[in-house]
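Note: the block below is protein_26.csv and it holds CSV, C-alpha atoms.
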chain,number,residue,atom,x,y,z
A,1,MET,CA,105.0,90.7,84.5
A,2,HIS,CA,105.2,90.5,88.3
A,3,ASP,CA,108.9,89.6,88.3
A,4,LEU,CA,109.6,92.4,85.8
A,5,TYR,CA,107.6,94.9,87.9
A,6,ALA,CA,109.4,93.8,91.1
A,7,PHE,CA,112.7,94.2,89.3
A,8,VAL,CA,112.3,97.6,87.8
A,9,SER,CA,110.5,99.0,90.9
A,10,GLY,CA,113.1,97.5,93.3
A,11,PRO,CA,116.7,96.8,92.5
A,12,LEU,CA,116.8,98.9,89.4
A,13,VAL,CA,115.7,102.0,91.3
A,14,TRP,CA,118.8,101.6,93.5
A,15,VAL,CA,121.1,101.0,90.5
A,16,ALA,CA,119.8,104.1,88.8
A,17,PHE,CA,120.2,106.4,91.8
A,18,ILE,CA,123.7,105.0,92.6
A,19,ILE,CA,124.8,105.6,89.0
A,20,PHE,CA,123.3,109.1,89.1
A,21,PHE,CA,124.9,110.2,92.4
A,22,GLY,CA,128.2,108.2,91.9
A,23,GLY,CA,128.5,109.4,88.4
A,24,SER,CA,127.8,113.0,89.4
A,25,ILE,CA,130.5,112.9,92.1
A,26,TYR,CA,132.9,111.3,89.7
A,27,ARG,CA,132.3,113.9,87.0
A,28,LEU,CA,132.6,116.8,89.4
A,29,VAL,CA,135.7,115.6,91.1
A,30,SER,CA,137.5,114.7,87.9
A,31,MET,CA,136.6,118.1,86.5
A,32,ALA,CA,138.1,119.8,89.6
A,33,ILE,CA,141.3,117.7,89.3
A,34,LEU,CA,141.6,118.6,85.6
A,35,ALA,CA,141.1,122.3,86.3
A,36,LYS,CA,143.7,122.3,89.0
A,37,LYS,CA,146.2,120.6,86.8
A,38,LYS,CA,145.6,122.7,83.6
A,39,ASP,CA,144.5,126.0,84.9
A,40,GLY,CA,145.0,126.4,88.7
A,41,VAL,CA,144.1,130.1,88.8
A,42,VAL,CA,140.5,129.1,88.2
A,43,PHE,CA,140.2,128.4,91.9
A,44,GLU,CA,141.8,131.7,92.9
A,45,TYR,CA,139.5,133.8,90.8
A,46,PHE,CA,136.4,132.1,92.1
A,47,ASN,CA,134.3,134.6,93.9
A,48,PHE,CA,131.0,133.7,95.5
A,49,LYS,CA,129.4,137.1,95.3
A,50,TYR,CA,130.1,137.5,91.6
A,51,ALA,CA,129.2,133.8,90.9
A,52,LEU,CA,125.8,134.0,92.6
A,53,ARG,CA,125.1,137.4,90.9
A,54,SER,CA,125.6,135.8,87.5
A,55,ILE,CA,123.7,132.6,88.3
A,56,PHE,CA,120.8,134.7,89.6
A,57,HIS,CA,120.6,136.7,86.4
A,58,TRP,CA,120.6,133.5,84.3
A,59,ILE,CA,117.9,131.6,86.3
A,60,ILE,CA,115.4,134.4,86.1
A,61,PRO,CA,113.5,134.6,82.8
A,62,PHE,CA,114.5,137.7,80.7
A,63,ALA,CA,117.0,138.8,83.3
A,64,SER,CA,119.9,138.4,80.9
A,65,THR,CA,120.4,140.1,77.5
A,66,ASN,CA,120.6,136.7,75.9
A,67,TRP,CA,117.2,135.7,77.3
A,68,ARG,CA,115.7,138.9,76.0
A,69,LEU,CA,117.1,138.4,72.5
A,70,HIS,CA,115.3,135.0,72.1
A,71,PRO,CA,112.0,135.4,73.8
A,72,TRP,CA,110.4,132.2,72.5
A,73,MET,CA,113.3,130.1,73.4
A,74,THR,CA,113.3,131.7,76.8
A,75,ILE,CA,109.7,131.0,77.5
A,76,VAL,CA,109.9,127.4,76.4
A,77,THR,CA,113.1,126.7,78.2
A,78,PHE,CA,111.8,127.9,81.5
A,79,ALA,CA,108.4,126.2,81.2
A,80,PHE,CA,110.2,123.0,80.2
A,81,HIS,CA,112.6,123.0,83.1
A,82,ILE,CA,109.9,123.8,85.6
A,83,GLY,CA,107.8,120.9,84.4
A,84,LEU,CA,110.8,118.6,84.1
A,85,ILE,CA,111.8,119.1,87.8
A,86,PHE,CA,108.5,119.9,89.6
A,87,THR,CA,106.3,117.2,88.0
A,88,PRO,CA,108.2,114.1,89.2
A,89,VAL,CA,109.1,115.5,92.6
A,90,PHE,CA,105.6,116.6,93.5
A,91,LEU,CA,103.5,113.9,91.8
A,92,PHE,CA,101.1,112.2,94.1
A,93,ALA,CA,101.7,108.8,92.6
A,94,HIS,CA,105.5,109.1,93.3
A,95,ILE,CA,105.0,110.4,96.8
A,96,ILE,CA,102.6,107.6,97.8
A,97,LEU,CA,105.1,105.0,96.6
A,98,ILE,CA,107.8,106.6,98.7
A,99,LYS,CA,105.4,106.8,101.7
A,100,GLU,CA,104.7,103.1,101.3
A,101,SER,CA,108.4,102.2,101.4
A,102,TRP,CA,109.9,104.7,103.9
A,103,ASP,CA,106.9,106.3,105.6
A,104,ILE,CA,107.8,109.9,104.5
A,105,SER,CA,105.7,112.2,102.4
A,106,TRP,CA,105.5,115.8,101.3
A,107,TRP,CA,103.2,118.2,99.5
A,108,ALA,CA,101.7,116.8,96.3
A,109,MET,CA,100.4,118.9,93.4
A,110,PRO,CA,96.9,118.2,92.0
A,111,ASP,CA,96.9,115.6,89.3
A,112,GLY,CA,95.3,118.1,86.9
A,113,LEU,CA,98.3,120.4,87.2
A,114,ALA,CA,100.7,117.5,86.7
A,115,ASP,CA,98.8,116.6,83.5
A,116,ILE,CA,99.3,120.2,82.2
A,117,LEU,CA,103.0,120.3,83.1
A,118,THR,CA,103.5,116.9,81.5
A,119,LEU,CA,102.0,118.2,78.3
A,120,VAL,CA,104.2,121.3,78.5
A,121,VAL,CA,107.4,119.1,78.8
A,122,ILE,CA,106.4,116.9,75.9
A,123,ALA,CA,105.5,119.9,73.7
A,124,SER,CA,108.8,121.6,74.6
A,125,CYS,CA,110.7,118.5,73.6
A,126,VAL,CA,109.0,118.7,70.2
A,127,PHE,CA,109.9,122.4,70.0
A,128,PHE,CA,113.5,121.7,70.7
A,129,PHE,CA,113.5,118.9,68.2
A,130,VAL,CA,112.1,121.1,65.4
A,131,ARG,CA,114.4,124.0,66.4
A,132,ARG,CA,117.5,121.8,65.9
A,133,GLN,CA,116.3,120.9,62.5
A,134,VAL,CA,115.1,124.3,61.3
A,135,LEU,CA,117.6,126.8,62.5
A,136,PRO,CA,120.8,126.4,60.5
A,137,GLU,CA,123.1,127.8,63.2
A,138,VAL,CA,121.7,125.2,65.7
A,139,LYS,CA,121.6,122.4,63.2
A,140,TYR,CA,125.3,122.9,62.5
A,141,LEU,CA,126.0,122.2,66.2
A,142,THR,CA,123.6,119.3,66.5
A,143,SER,CA,124.7,115.6,66.7
A,144,THR,CA,122.7,112.5,66.9
A,145,SER,CA,123.1,112.3,70.6
A,146,ASP,CA,121.2,115.5,71.0
A,147,TYR,CA,118.1,113.9,69.5
A,148,VAL,CA,118.6,110.8,71.5
A,149,ILE,CA,118.7,112.9,74.7
A,150,LEU,CA,115.5,114.6,73.7
A,151,VAL,CA,113.8,111.2,73.3
A,152,LEU,CA,115.1,110.0,76.6
A,153,VAL,CA,113.8,113.0,78.4
A,154,ALA,CA,110.4,112.9,76.7
A,155,LEU,CA,109.8,109.1,77.2
A,156,PRO,CA,109.1,109.1,80.9
A,157,PHE,CA,106.6,111.8,80.4
A,158,ILE,CA,104.8,110.2,77.5
A,159,THR,CA,104.6,106.8,79.2
A,160,GLY,CA,103.5,108.3,82.5
A,161,PHE,CA,100.8,110.3,80.8
A,162,TRP,CA,99.8,107.1,78.9
A,163,THR,CA,99.5,104.9,81.9
A,164,TYR,CA,97.8,107.5,84.1
A,165,HIS,CA,95.0,107.9,81.5
A,166,GLN,CA,94.8,104.1,81.2
A,167,TRP,CA,95.2,104.0,77.4
A,168,PRO,CA,95.7,100.6,75.9
A,169,GLU,CA,98.5,98.4,77.3
A,170,SER,CA,98.8,100.7,80.3
A,171,THR,CA,100.4,97.9,82.4
A,172,PHE,CA,103.2,97.6,79.9
A,173,MET,CA,103.5,101.4,79.6
A,174,GLY,CA,103.7,101.6,83.4
A,175,ILE,CA,106.8,99.3,83.3
A,176,LEU,CA,108.3,101.3,80.4
A,177,HIS,CA,107.6,104.4,82.4
A,178,ILE,CA,109.6,103.3,85.4
A,179,LEU,CA,112.4,101.9,83.1
A,180,SER,CA,112.7,105.1,81.0
A,181,GLY,CA,112.8,107.3,84.1
A,182,GLU,CA,115.7,105.2,85.5
A,183,VAL,CA,117.6,105.4,82.2
A,184,MET,CA,117.2,109.1,82.1
A,185,LEU,CA,118.5,109.5,85.6
A,186,ALA,CA,121.4,107.2,85.0
A,187,VAL,CA,122.6,109.0,81.8
A,188,ILE,CA,122.5,112.5,83.4
A,189,PRO,CA,126.2,112.6,84.5
A,190,PHE,CA,127.5,111.2,81.2
A,191,THR,CA,125.7,113.2,78.6
A,192,LYS,CA,124.9,116.8,77.9
A,193,LEU,CA,122.3,116.5,80.6
A,194,SER,CA,125.2,117.0,83.0
A,195,HIS,CA,124.7,120.7,82.5
A,196,MET,CA,122.4,120.1,85.5
A,197,LEU,CA,125.6,119.6,87.5
A,198,PHE,CA,128.0,122.0,85.7
A,199,PHE,CA,125.7,124.9,85.1
A,200,PRO,CA,126.3,126.5,88.6
A,201,ILE,CA,130.1,126.0,88.2
A,202,THR,CA,130.6,127.2,84.6
A,203,ARG,CA,128.2,130.1,85.2
A,204,GLY,CA,129.7,130.9,88.5
A,205,TYR,CA,133.2,130.9,87.0
A,206,MET,CA,132.1,133.2,84.2
A,207,GLY,CA,130.5,135.5,86.7
A,208,SER,CA,133.7,135.5,88.8
A,209,GLU,CA,135.9,136.3,85.9
A,210,PHE,CA,133.7,139.0,84.5
A,211,GLY,CA,133.0,140.5,87.9
A,212,GLY,CA,136.4,140.3,89.4
A,213,VAL,CA,138.8,140.5,86.5
A,214,ARG,CA,137.1,142.3,83.7
A,215,GLN,CA,134.7,144.2,86.0
A,216,ALA,CA,131.9,143.7,83.5
A,217,LYS,CA,128.5,142.0,83.5
A,218,ASP,CA,128.1,138.6,81.9
A,219,TRP,CA,124.3,138.6,81.5
B,1,MET,CA,54.8,68.6,68.3
B,2,ARG,CA,53.3,69.8,71.6
B,3,LYS,CA,56.1,68.1,73.5
B,4,THR,CA,58.8,69.7,71.4
B,5,LEU,CA,57.2,73.1,71.8
B,6,GLY,CA,56.9,72.6,75.5
B,7,LEU,CA,60.6,71.5,75.7
B,8,LEU,CA,61.6,74.5,73.6
B,9,PHE,CA,59.7,76.8,75.9
B,10,LEU,CA,61.2,75.3,79.0
B,11,PHE,CA,64.7,75.5,77.4
B,12,SER,CA,64.4,79.1,76.4
B,13,PHE,CA,63.0,79.9,79.9
B,14,LEU,CA,66.1,78.3,81.5
B,15,ALA,CA,68.4,80.1,79.1
B,16,ALA,CA,66.8,83.4,79.8
B,17,SER,CA,66.9,83.0,83.5
B,18,LEU,CA,70.6,82.0,83.3
B,19,VAL,CA,71.4,85.1,81.4
B,20,GLY,CA,69.4,87.2,83.8
B,21,PHE,CA,71.1,85.6,86.7
B,22,SER,CA,74.6,86.2,85.4
B,23,ALA,CA,73.6,89.8,84.6
B,24,TYR,CA,72.5,90.1,88.2
B,25,CYS,CA,75.9,88.8,89.4
B,26,GLN,CA,77.8,91.3,87.3
B,27,GLU,CA,75.7,94.1,88.8
B,28,ASP,CA,76.8,92.7,92.2
B,29,ILE,CA,80.5,93.8,91.6
B,30,SER,CA,81.6,95.4,94.8
B,31,PHE,CA,84.3,98.0,95.4
B,32,VAL,CA,86.5,98.8,98.2
B,33,GLY,CA,84.9,101.9,99.5
B,34,ASP,CA,86.3,103.2,102.7
B,35,SER,CA,84.0,105.9,104.0
B,36,ALA,CA,87.0,107.9,105.2
B,37,PHE,CA,87.8,108.9,101.6
B,38,THR,CA,85.3,111.7,101.1
B,39,GLU,CA,86.8,113.3,98.0
B,40,ARG,CA,88.3,110.7,95.7
B,41,MET,CA,91.3,111.3,93.4
B,42,ARG,CA,91.2,108.0,91.7
B,43,PRO,CA,88.5,105.6,90.4
B,44,SER,CA,87.3,103.1,93.1
B,45,VAL,CA,88.9,99.7,93.2
B,46,PRO,CA,86.8,96.7,92.1
B,47,PHE,CA,87.0,94.0,94.7
B,48,LEU,CA,84.7,91.0,94.7
B,49,HIS,CA,85.2,90.2,98.4
B,50,ASP,CA,84.2,86.6,98.6
B,51,ASP,CA,85.3,85.6,95.0
B,52,HIS,CA,88.7,87.2,95.6
B,53,ASN,CA,89.4,85.3,98.8
B,54,GLU,CA,88.2,82.1,97.3
B,55,MET,CA,90.4,82.6,94.2
B,56,ALA,CA,93.3,83.6,96.2
B,57,ASN,CA,92.8,80.7,98.7
B,58,ILE,CA,92.8,82.9,101.7
B,59,GLU,CA,91.2,81.1,104.6
B,60,ASP,CA,91.7,83.4,107.6
B,61,CYS,CA,89.7,86.5,107.7
B,62,ASN,CA,92.4,88.1,109.8
B,63,GLU,CA,94.9,87.9,107.0
B,64,CYS,CA,93.3,91.3,106.3
B,65,HIS,CA,90.9,92.1,109.2
B,66,HIS,CA,93.7,91.9,111.7
B,67,VAL,CA,94.1,93.0,115.3
B,68,TRP,CA,97.4,94.0,116.8
B,69,GLU,CA,98.7,94.1,120.4
B,70,ASP,CA,102.1,95.3,121.5
B,71,GLY,CA,103.4,95.3,118.0
B,72,LYS,CA,102.3,91.8,117.3
B,73,LYS,CA,99.5,90.5,115.1
B,74,LEU,CA,97.1,88.4,117.2
B,75,GLU,CA,96.6,85.0,115.6
B,76,TRP,CA,93.1,84.3,116.8
B,77,ASP,CA,91.5,87.7,116.8
B,78,SER,CA,89.9,89.5,113.9
B,79,SER,CA,88.3,92.9,113.1
B,80,GLU,CA,85.9,92.4,110.2
B,81,ASP,CA,83.4,94.5,112.0
B,82,LYS,CA,85.7,97.6,111.5
B,83,GLU,CA,86.7,99.5,108.4
B,84,CYS,CA,90.5,99.8,108.0
B,85,SER,CA,90.2,103.6,108.5
B,86,GLU,CA,88.9,103.1,112.1
B,87,CYS,CA,92.4,102.1,113.1
B,88,HIS,CA,94.6,103.4,110.3
B,89,LEU,CA,93.3,107.0,110.3
B,90,SER,CA,93.5,107.4,114.1
B,91,GLN,CA,93.2,110.8,115.6
B,92,GLU,CA,95.7,110.1,118.5
B,93,SER,CA,98.6,109.1,116.3
B,94,GLY,CA,97.8,112.0,113.9
B,95,ASP,CA,97.4,109.8,110.9
B,96,SER,CA,96.7,111.5,107.5
B,97,ASP,CA,94.9,110.1,104.4
B,98,MET,CA,98.4,109.1,103.3
B,99,ASP,CA,98.7,106.7,106.2
B,100,LEU,CA,95.4,105.1,105.3
B,101,ILE,CA,96.2,104.8,101.6
B,102,LYS,CA,99.6,103.3,102.6
B,103,ALA,CA,97.8,100.7,104.8
B,104,TYR,CA,95.6,99.6,101.9
B,105,HIS,CA,98.3,99.6,99.3
B,106,ASN,CA,100.8,97.8,101.4
B,107,MET,CA,98.3,95.1,102.4
B,108,CYS,CA,97.1,94.5,98.8
B,109,LYS,CA,100.3,94.9,96.9
B,110,GLU,CA,102.7,93.1,99.2
B,111,CYS,CA,100.7,89.9,98.9
B,112,HIS,CA,100.2,90.3,95.1
B,113,ILE,CA,103.9,90.8,94.5
B,114,GLY,CA,104.8,88.0,96.9
B,115,GLN,CA,102.4,85.6,95.2
B,116,LYS,CA,103.1,86.8,91.7
B,117,ALA,CA,99.3,87.1,91.1
B,118,GLY,CA,96.9,90.0,91.3
B,119,PRO,CA,97.3,93.7,90.4
B,120,VAL,CA,100.3,95.8,91.4
B,121,GLN,CA,100.1,99.0,89.3
B,122,CYS,CA,97.9,102.0,89.9
B,123,SER,CA,96.1,101.5,86.6
B,124,GLU,CA,95.4,97.8,87.3
B,125,CYS,CA,93.5,98.5,90.6
B,126,HIS,CA,92.0,102.0,90.1
B,127,ILE,CA,90.3,101.0,86.9
B,128,LYS,CA,88.5,103.7,85.0
For this file, produce the structure as C-alpha cells.
Amino acid sequence: MHDLYAFVSGPLVWVAFIIFFGGSIYRLVSMAILAKKKDGVVFEYFNFKYALRSIFHWIIPFASTNWRLHPWMTIVTFAFHIGLIFTPVFLFAHIILIKESWDISWWAMPDGLADILTLVVIASCVFFFVRRQVLPEVKYLTSTSDYVILVLVALPFITGFWTYHQWPESTFMGILHILSGEVMLAVIPFTKLSHMLFFPITRGYMGSEFGGVRQAKDW
Amino acid sequence: MRKTLGLLFLFSFLAASLVGFSAYCQEDISFVGDSAFTERMRPSVPFLHDDHNEMANIEDCNECHHVWEDGKKLEWDSSEDKECSECHLSQESGDSDMDLIKAYHNMCKECHIGQKAGPVQCSECHIK
C-alpha cells in the first residue's frame, strides 16, 4: 500500500498534469492550424469586444435566452460547474499537501462547505445521467462515452467524500480518489470535457460573427 | 477441595487483574496534542509515544525533538522539553498554522513513506 500511495501521489501526479497541459496545448494548436487551412477568415473576423460580450452573457446564469428557456438545466449546470472547479482548488486537504511539497498555500474553504459542494456535484451528475436517458432529443445525441465521462467526473468526488468521512476501506478509497482525479485531468483534452478549453474560442467566434457580421445578438 | 477452590480463587483474581491492567493500558492511549491548535478541524492523532518509538526502533530522541543551528541539525542536542509549535509557529518568521501542520506532517509522513510502515493518509492518522 505504501508503494502504491507513493506512486499515485508522486510520479503519477506529474504524468497527469503533463498530459493535461501538453494535451491542451496540442489540441488548441492543431485546432488553430486546421482553422487556418480550412477557413482562414475565422481569424480576420475575430473581435475581442464581441467575443467577450458573448462569453459574458453565457457565463452568467439566465443572461442568455437559452438559459432562460431551460431554468432547471441552468441552475444545475451552474451549481455543478462551481462545485467542480472550486472544491478541488480550495479544499484544505489539497492545499496542505501542496504546502508540504512547495511551501505555498492560499485560502481554504471550510470543510463543511466542501462537503455540500461535493454532494451538489454528485447529485448533478445523477441529474445529467437521468436527463440523457429521459429526454428523447438528448438521448438521440448521447453516446456511451457521455456516460463514461459522467462517471469519470463523479468518481473523484464520491471517493473523496468517502475517505473524508472514513467509511469502510477508506485507505483504499483514498488511493482510488487520487487515481480517479488524475484520470479525469488527463482525459480532459481528449474528450468532450475539452469544452473547458474550447468554450471561450467557439463562443468568442460566434460572438464575433454575430456581432461584427450579422450585427445580431447570440445570447 | 479446599486447595482447588483456593487455586481457582487465585486464578480468577489473577485473570481479573490482568483484564483490569490491560484496560488501564488502553485508557492510557495518548494523542499528539499540540496546544497551539485551539480550534481543531480534524480528530486528534493517536500516538503512543514510547510504544511507537520502540516499535519503530527509533533510538535518538532528536530524530523528532531536534535542534538546528545555521541550517544544520545538531547531532547531540535535543529539544524534548519543547512543543514543536514553540519553534514552528514562531512570531518572528510570521509562521501560520499551515507551517506548523506542515512540520508535523512532513516529519511523520516522510519517515513512514521512507520506511514503508506507518500511516500516510489523512484518514489513517486523524482517526474518528
List every residue of chain A that has an atom at most 12 Å from any atom of chain B, giving for each one its closest atom pair and the distance in Å to one decimal, counting all atoms listed in the file, sorted by chain and then by ascending residue number, as CSV.
residue,atom,partner,partner_atom,distance
A:Met1,CA,B:Lys116,CA,8.4
A:His2,CA,B:Lys116,CA,5.4
A:Asp3,CA,B:Lys116,CA,7.3
A:Leu4,CA,B:Lys116,CA,10.4
A:Tyr5,CA,B:Val120,CA,8.1
A:Ala6,CA,B:Ile113,CA,7.1
A:Phe7,CA,B:Ile113,CA,10.8
A:Ser9,CA,B:Gln121,CA,10.5
A:Gly10,CA,B:Ile113,CA,11.4
A:Phe92,CA,B:Met41,CA,9.9
A:Ala93,CA,B:Cys122,CA,8.2
A:His94,CA,B:Cys122,CA,10.9
A:Ile95,CA,B:Met98,CA,9.4
A:Ile96,CA,B:Met98,CA,7.1
A:Leu97,CA,B:Lys102,CA,8.3
A:Ile98,CA,B:Lys102,CA,9.7
A:Lys99,CA,B:Lys102,CA,6.8
A:Glu100,CA,B:Lys102,CA,5.3
A:Ser101,CA,B:Asn106,CA,8.8
A:Trp102,CA,B:Lys102,CA,10.5
A:Asp103,CA,B:Asp99,CA,8.2
A:Ile104,CA,B:Met98,CA,9.5
A:Ser105,CA,B:Met98,CA,8.0
A:Trp106,CA,B:Met98,CA,10.0
A:Trp107,CA,B:Met98,CA,11.0
A:Ala108,CA,B:Met98,CA,10.9
A:Met109,CA,B:Met41,CA,11.9
A:Pro110,CA,B:Met41,CA,9.0
A:Asp111,CA,B:Met41,CA,8.2
A:Gly112,CA,B:Met41,CA,10.2
A:Gly160,CA,B:Ser123,CA,10.9
A:Phe161,CA,B:Ser123,CA,11.5
A:Trp162,CA,B:Ser123,CA,10.2
A:Thr163,CA,B:Ser123,CA,6.7
A:Tyr164,CA,B:Ser123,CA,6.7
A:His165,CA,B:Ser123,CA,8.3
A:Gln166,CA,B:Ser123,CA,6.1
A:Trp167,CA,B:Ser123,CA,9.6
A:Pro168,CA,B:Ser123,CA,10.7
A:Glu169,CA,B:Ser123,CA,10.1
A:Ser170,CA,B:Ser123,CA,6.9
A:Thr171,CA,B:Gln121,CA,7.0
A:Phe172,CA,B:Gln121,CA,10.0
A:Met173,CA,B:Ser123,CA,10.2
A:Gly174,CA,B:Gln121,CA,7.4
A:Ile175,CA,B:Gln121,CA,9.0
A:His177,CA,B:Gln121,CA,11.5
A:Ile178,CA,B:Gln121,CA,11.1
Written file, previous selection with C-alpha atoms, as a compact mmCIF listing (two decimals), keeping the file's coordinate frame:
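This is the output file result.txt:
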# COMPACT_ATOMS: atom_id res chain seq x y z
CA MET A 1 105.00 90.70 84.50
CA HIS A 2 105.20 90.50 88.30
CA ASP A 3 108.90 89.60 88.30
CA LEU A 4 109.60 92.40 85.80
CA TYR A 5 107.60 94.90 87.90
CA ALA A 6 109.40 93.80 91.10
CA PHE A 7 112.70 94.20 89.30
CA SER A 9 110.50 99.00 90.90
CA GLY A 10 113.10 97.50 93.30
CA PHE A 92 101.10 112.20 94.10
CA ALA A 93 101.70 108.80 92.60
CA HIS A 94 105.50 109.10 93.30
CA ILE A 95 105.00 110.40 96.80
CA ILE A 96 102.60 107.60 97.80
CA LEU A 97 105.10 105.00 96.60
CA ILE A 98 107.80 106.60 98.70
CA LYS A 99 105.40 106.80 101.70
CA GLU A 100 104.70 103.10 101.30
CA SER A 101 108.40 102.20 101.40
CA TRP A 102 109.90 104.70 103.90
CA ASP A 103 106.90 106.30 105.60
CA ILE A 104 107.80 109.90 104.50
CA SER A 105 105.70 112.20 102.40
CA TRP A 106 105.50 115.80 101.30
CA TRP A 107 103.20 118.20 99.50
CA ALA A 108 101.70 116.80 96.30
CA MET A 109 100.40 118.90 93.40
CA PRO A 110 96.90 118.20 92.00
CA ASP A 111 96.90 115.60 89.30
CA GLY A 112 95.30 118.10 86.90
CA GLY A 160 103.50 108.30 82.50
CA PHE A 161 100.80 110.30 80.80
CA TRP A 162 99.80 107.10 78.90
CA THR A 163 99.50 104.90 81.90
CA TYR A 164 97.80 107.50 84.10
CA HIS A 165 95.00 107.90 81.50
CA GLN A 166 94.80 104.10 81.20
CA TRP A 167 95.20 104.00 77.40
CA PRO A 168 95.70 100.60 75.90
CA GLU A 169 98.50 98.40 77.30
CA SER A 170 98.80 100.70 80.30
CA THR A 171 100.40 97.90 82.40
CA PHE A 172 103.20 97.60 79.90
CA MET A 173 103.50 101.40 79.60
CA GLY A 174 103.70 101.60 83.40
CA ILE A 175 106.80 99.30 83.30
CA HIS A 177 107.60 104.40 82.40
CA ILE A 178 109.60 103.30 85.40
Pairwise distance for atom CA of Leu193 of chain A and atom CA of Pro61 of chain A, rounded to one decimal in Å = 20.2 Å
Spatial neighbours of Tyr26 of chain A, 12 Å, all atoms listed in the file, chain gap at least 6 places, as a list in words = Ile18, Ile19, Phe20, Ala32, Ile33, Pro189, Phe190, Ser194 and Leu197 of chain A
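Atom CA of Phe62 of chain A to atom CA of Phe78 of chain A spans 10.2 Å [interatomic distance, one decimal].
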Among the residues A:Trp219, A:Phe43, A:Phe21, A:Tyr147, the one that comes closest to Thr65 of chain A [using only C-alpha atoms] =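 Result for the nearest residue to Thr65 of chain A: A:Trp219.
Picture a line from atom CA of Lys217 of chain A to atom CA of His57 of chain A; it runs 9.9 Å.
Here the question is which of B:Asn62, B:Ala36, B:Trp76, B:Cys125 gets nearest to Lys109 of chain B using only C-alpha atoms, and that residue is B:Cys125.
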Near Leu113 of chain A, within 10 Å and counting only C-alpha atoms, which residues show up once chain neighbours fewer than 6 positions away are dropped, as a PDB file with C-alpha atoms, in the frame of the given file?
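Result went into part.pdb, see below:
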ATOM      1  CA  GLY A  83     107.800 120.900  84.400  1.00  0.00           C
ATOM      2  CA  THR A  87     106.300 117.200  88.000  1.00  0.00           C
ATOM      3  CA  LEU A  91     103.500 113.900  91.800  1.00  0.00           C
ATOM      4  CA  LEU A 119     102.000 118.200  78.300  1.00  0.00           C
TER       5      LEU A 119
END
From the set A:Leu52, A:Val187, A:Lys36, A:Gln215, which residue has the shortest atom-to-atom contact distance to Val15 of chain A, counting all atoms listed in the file?
->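 Between A:Leu52, A:Val187, A:Lys36, A:Gln215, the residue approaching Val15 of chain A most closely is A:Val187.
Minimum distance to Val45 of chain B across B:Leu100, B:Cys108, B:Lys82, B:Asp60 (counting only C-alpha atoms) occurs at B:Cys108.
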Using all atoms listed in the file, the best pick from A:Ser64, A:Ser180, A:Ser145, A:Thr159 as closest to Phe129 of chain A would be A:Ser145
